[in-house]
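Worksheet: the structure to be examined is printed underneath.
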Amino acid sequence: MVVPEAGAVPAEHPIRPAPGPGDGAGTLLSQWVELRPEGRVLLRIGKVELGQGIVTALAQIAAEELDVDWSRVEPVPASTDAGPDEGLTAGSRSVMDSGGAVRTVCAEVRRLLLSVVSRRTGIPVGELQVHDGAVRDADGVARGDYWSLVRPGLLDVAVTGTAPPKDPARHTVVGRSVPRRDLEAKLAGAPAFVHDLALPGQLFGRVVRPPSPVARLVTVDDRPARALPAVLAVVREGSFLGVVADREEEAVRAAEVLRRCATWQEPDACAEVDPVPETVGRPAEETAVERRSDRSAGARVADVVRTAYSRQPLSHASIGPGCAVAHWNGDQVSVWSHTQGVHPLRRALAACLRVDPDRVVVHHVPGAGCYGHNSADDVAFDAALLARSVPGRPVQVVWSRDDEFAWEPVGPAMVVEVAVGVDDRGDLVTWRQDAWGAGHDSRPGFAGQPGLLGAWHAADVAAVPAADPPLAVGGGTGRNATPPYDVADLDVRAHRLLETPVRTSALRGLGATMNVFAIESAVDDLARSAGADPLDYRLRHLPDERAREVLQVAADSAGWRSRRPGDPVGWGLAYSRYKGICGHCAVVARVEAVSEVRVTDLWVAVDVGQVINPDGLANQIEGGAIQATSWVLREQVVLDRHGVASRDWDGYPVLRFPDVPEVHVRLVPRPAEPPLGAGEVTGGPVAAAVANALADALGVRVRDLPLTPERVAAAIESS
Amino acid sequence: MTAAPGWATAQSLPAPEVVRLRVNGRDHEVTCRSDTPLLYLLRNDLDLRGSRFGCGLGQCGACMVLLDGHPTPSCDLPAWAAAGHEVVTVEGLADDEGMQALQRSFLAHQAAQCGYCTSGILVAACALLRADPCPGRATVAGALERNLCRCGSHGRVLRATEEAAGSLRAARGLPGAERTAGTDGPADRATRSADDRRSDDATGAGR
């Protein structure tokens, strides 16, 4: 049980929140860009590669503004040692924020270098051109190049944000499908991940987790473990128990020996098993997401339709478990981590290890796919704590599959209640939405907390329940809870639960997936009641021109108007704009419902403004669509009185190769519009489109996810 | 309840001994307990880090190697069971014609996101192409059923594998070389419209 205010970890160095979205303000040009004499551009960005291809996209933006060939730009992995502090890589904001900063910085570097040439030659900056780093005058005469122009200290000037970026009409690198930088090595099986690090003298650490989230370590006889020849150290601090060995498999064995020799105290808690029925009405923090009052609306309401939708908790379920390497040298610790934010992690580690933040260095190294706040930060603390017992030796920690499923934060269970008032034609008049669930943010730094699992265990305090990100950055439980449709009277509220049976945090899309699922399921039923086609009904209530267009594009590419429903085939569509400010996404789903629900095709249309890398974007959209299909059809974290019970791939099945839908992506071209976030746009619309297609196939609405054969059968039974 | 792999929880530990392995065509000797999973020996003792730890339970395929030519998870394969057999890892397939065709095709299709599952998928696909030079979409999907991918790169992996098979057939002058990827799979059911093919092209699709 995660209980409120249970135990803040005492911190000598209070955790500061991460800085806001970056525009480069307050940084130096040299923190971002280094021009090397041999003709390379080192690009230091605060954003990290999570498998989403962001590093490639940002390198394209840099090449575009600097007027150099794309192959010259080398992104340098984020580190607290060098480069800007751009907070987290999360929330589909990297191209919107970091892309803007890179554009600003590189335009300014270009202008600075041209001004050097101008001073030397007397030619006005406006008459100079750059071709792949070579500067020429209007007659094409060479006037120097970046690589010989730059002098030490030249770029040590503050970013002013005053150099105008290139007109998108002149873009040659941005907007092109360039291949990912990291793929060739990964296809060759070369070392690429933090798991593959092998520093000189590296040892292997493993942690013995408690048998349940409420258990505390009473005693441990560590002699049998210490007697193993490979074991160098056993670490116990509070309920944190771990071991360091000089061979990986011996560390795994020693951890199991320790587990057998440990005695835990486990209070009788965690009685509840299914979190969904216990969600609505529990103690919660209520937030007014949006309120628009129209007193005259009530008189036009002919009918009020009330429905409720739910989902079970979801796991990140990355293929590779959390991993980190830590190395103490005196009072300084270096950490290699696949965290989403090197700076927030550094601050949290410093607080928990009780050292000055300047003594902690965090280097980003890619891990397996990251879809939100997973175990990456936690395992970094585990490695740092274990490595402290063997000063001078690096220690690598890899979580077991079992611990990964059991201890990484889950995407919370949610219930969304919708009450819609319609007029006598069935059109929308009033909309009330109440989203319930545990919080979506327990990242390092949340609520002034380090938010590191091992630190809670070491301090013997219960984990603090997750908060929600503020509405200004999209909210959590209330994310996308406001329908995009014309409604006279609107009342949207989020209810963040103050107690939860399992640790929760940000999982791709946060509350948006469920809120959009609820809104788009409800709208589909309302269209049916009004006797309207679901596409027409949406089009007549959607005020946003780009929203209507993206819906139309998805419908056209799917052949919506000429679709042929009929047993066992169903068709459904859905729309949303992620967080109300990111990309627009519309989805048409085709399902076959026989013994189980099979999604055969998804047509996904997106409008994300200017596109940096069309193929990279399509890859993200396809991946997000397949992952969302897996959530909707298969996935639920199963809880029992020991916490998470679904601890392997049999207990937590995901979609496999024979089950995946064909995903057809259409990009709506908007080269002159600002780029909008894309990484998380598909989750809600795919979930809803699949459920709407199932309702179309069966004539029965299933409002509880996942759409397992059991739930579908139950819905048919009760209809 | 925790579910650690059996070898890790065994009460009696076999004494360390010299285990002889044949990996990527070369003989190796490693001193370890004989029930140590092969994956740890490949990664830590032989410095072959392309096979990746995903679950330790043989459930996800990230650690797949060829054992006497058969795709086999190495994370729960005891060293004693690998001894006396031919082990080939993703690194050991670098000169394999099928693997090279797959790598080219995966690159052309950008058929990965994080890439953590990629080695295991390539090993499984390589074994498939040896057994079946002309696999349809369903055959490819079936051959990769034991490989999990969480980023959702499945569609590209399926297309890239079919296309690699096609290019191998063409290189060998085999019949069916003209068949292009996806012509026999669920992708090309009647619902796939001409419009849609245009849109796939519009993305560039890395080709």
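Residue names in the structure tokens use chain letters A, B, ... in the order shown, residue numbers from 1 in each chain, and ligand numbers from 1 in the order shown.
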Selection near segment 525-536 of chain A, 12 Å with only C-alpha atoms, sequence-local residues under 5 positions removed, as a ChimeraX atom specification: /A:303-307,418-429,518-520,541-542,547-556,560-561,563,571-575,586-588,688-689,691-693,695-696,699-703
Counting only C-alpha atoms, give me one row per residue of chain A with an atom at most 6 Å from an atom of chain B, showing the shortest contact pair and its distance in Å to one decimal, sorted by chain then residue number, as CSV.
```
residue,atom,partner,partner_atom,distance
A:Gly51,CA,B:Cys114,CA,3.6
A:Gly189,CA,B:Gly50,CA,4.0
A:Ala190,CA,B:Gly50,CA,5.7
A:Pro191,CA,B:Arg49,CA,5.9
A:Arg253,CA,B:Ala8,CA,4.8
A:Glu256,CA,B:Thr9,CA,5.8
A:Ile319,CA,B:Gly54,CA,5.5
A:Gly320,CA,B:Gly54,CA,4.7
A:Ala368,CA,B:Tyr116,CA,5.3
A:Gly369,CA,B:Cys114,CA,4.9
A:Arg401,CA,B:Cys55,CA,4.9
A:Ser557,CA,B:Asp196,CA,5.5
A:Pro614,CA,B:Thr203,CA,5.1
A:Asp615,CA,B:Ala205,CA,5.1
A:Gly623,CA,B:Gly152,CA,3.8
A:Ile626,CA,B:Gly152,CA,5.2
A:Gln627,CA,B:Gly152,CA,5.8
A:Arg656,CA,B:Glu145,CA,5.9
A:Phe657,CA,B:Ala141,CA,5.1
A:Pro658,CA,B:Ala141,CA,4.8
A:Glu662,CA,B:Ala187,CA,5.8
A:Arg666,CA,B:Ser199,CA,5.3
```
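Every protein, DNA or RNA residue with an atom at most 10 Å from Glu49 of chain A, where only C-alpha atoms count and chain neighbours fewer than 4 positions away do not, is listed here: Gly53, Ile54, Val55, Thr56, Pro77, Ala78, Thr89, Asp182, His338, Thr339, Gln340, His364, Val365, Pro366, Gly367, Gly369 and Cys370 of chain A; Cys114 of chain B.
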Close residues, Val362 of chain A itself excluded, 12 Å, only C-alpha atoms, min 6 positions apart in chain, as a PyMOL selection string: chain A and resi 77-82+85+324-327+332-350+377+380-381+384
Filtered DSSP result for segment 237-322 of chain A, state strand (DSSP E or B), as a PyMOL selection string: chain A and resi 237+240-245+262-265+284-292+303-311+314
From B:Val123, B:Leu128, B:Glu29, B:Ser105, residue lying nearest Ser74 of chain B [only C-alpha atoms]: B:Val123
Between atom CA of Val604 of chain A and atom CA of Ala625 of chain A - distance in Å to one decimal: 8.1 Å
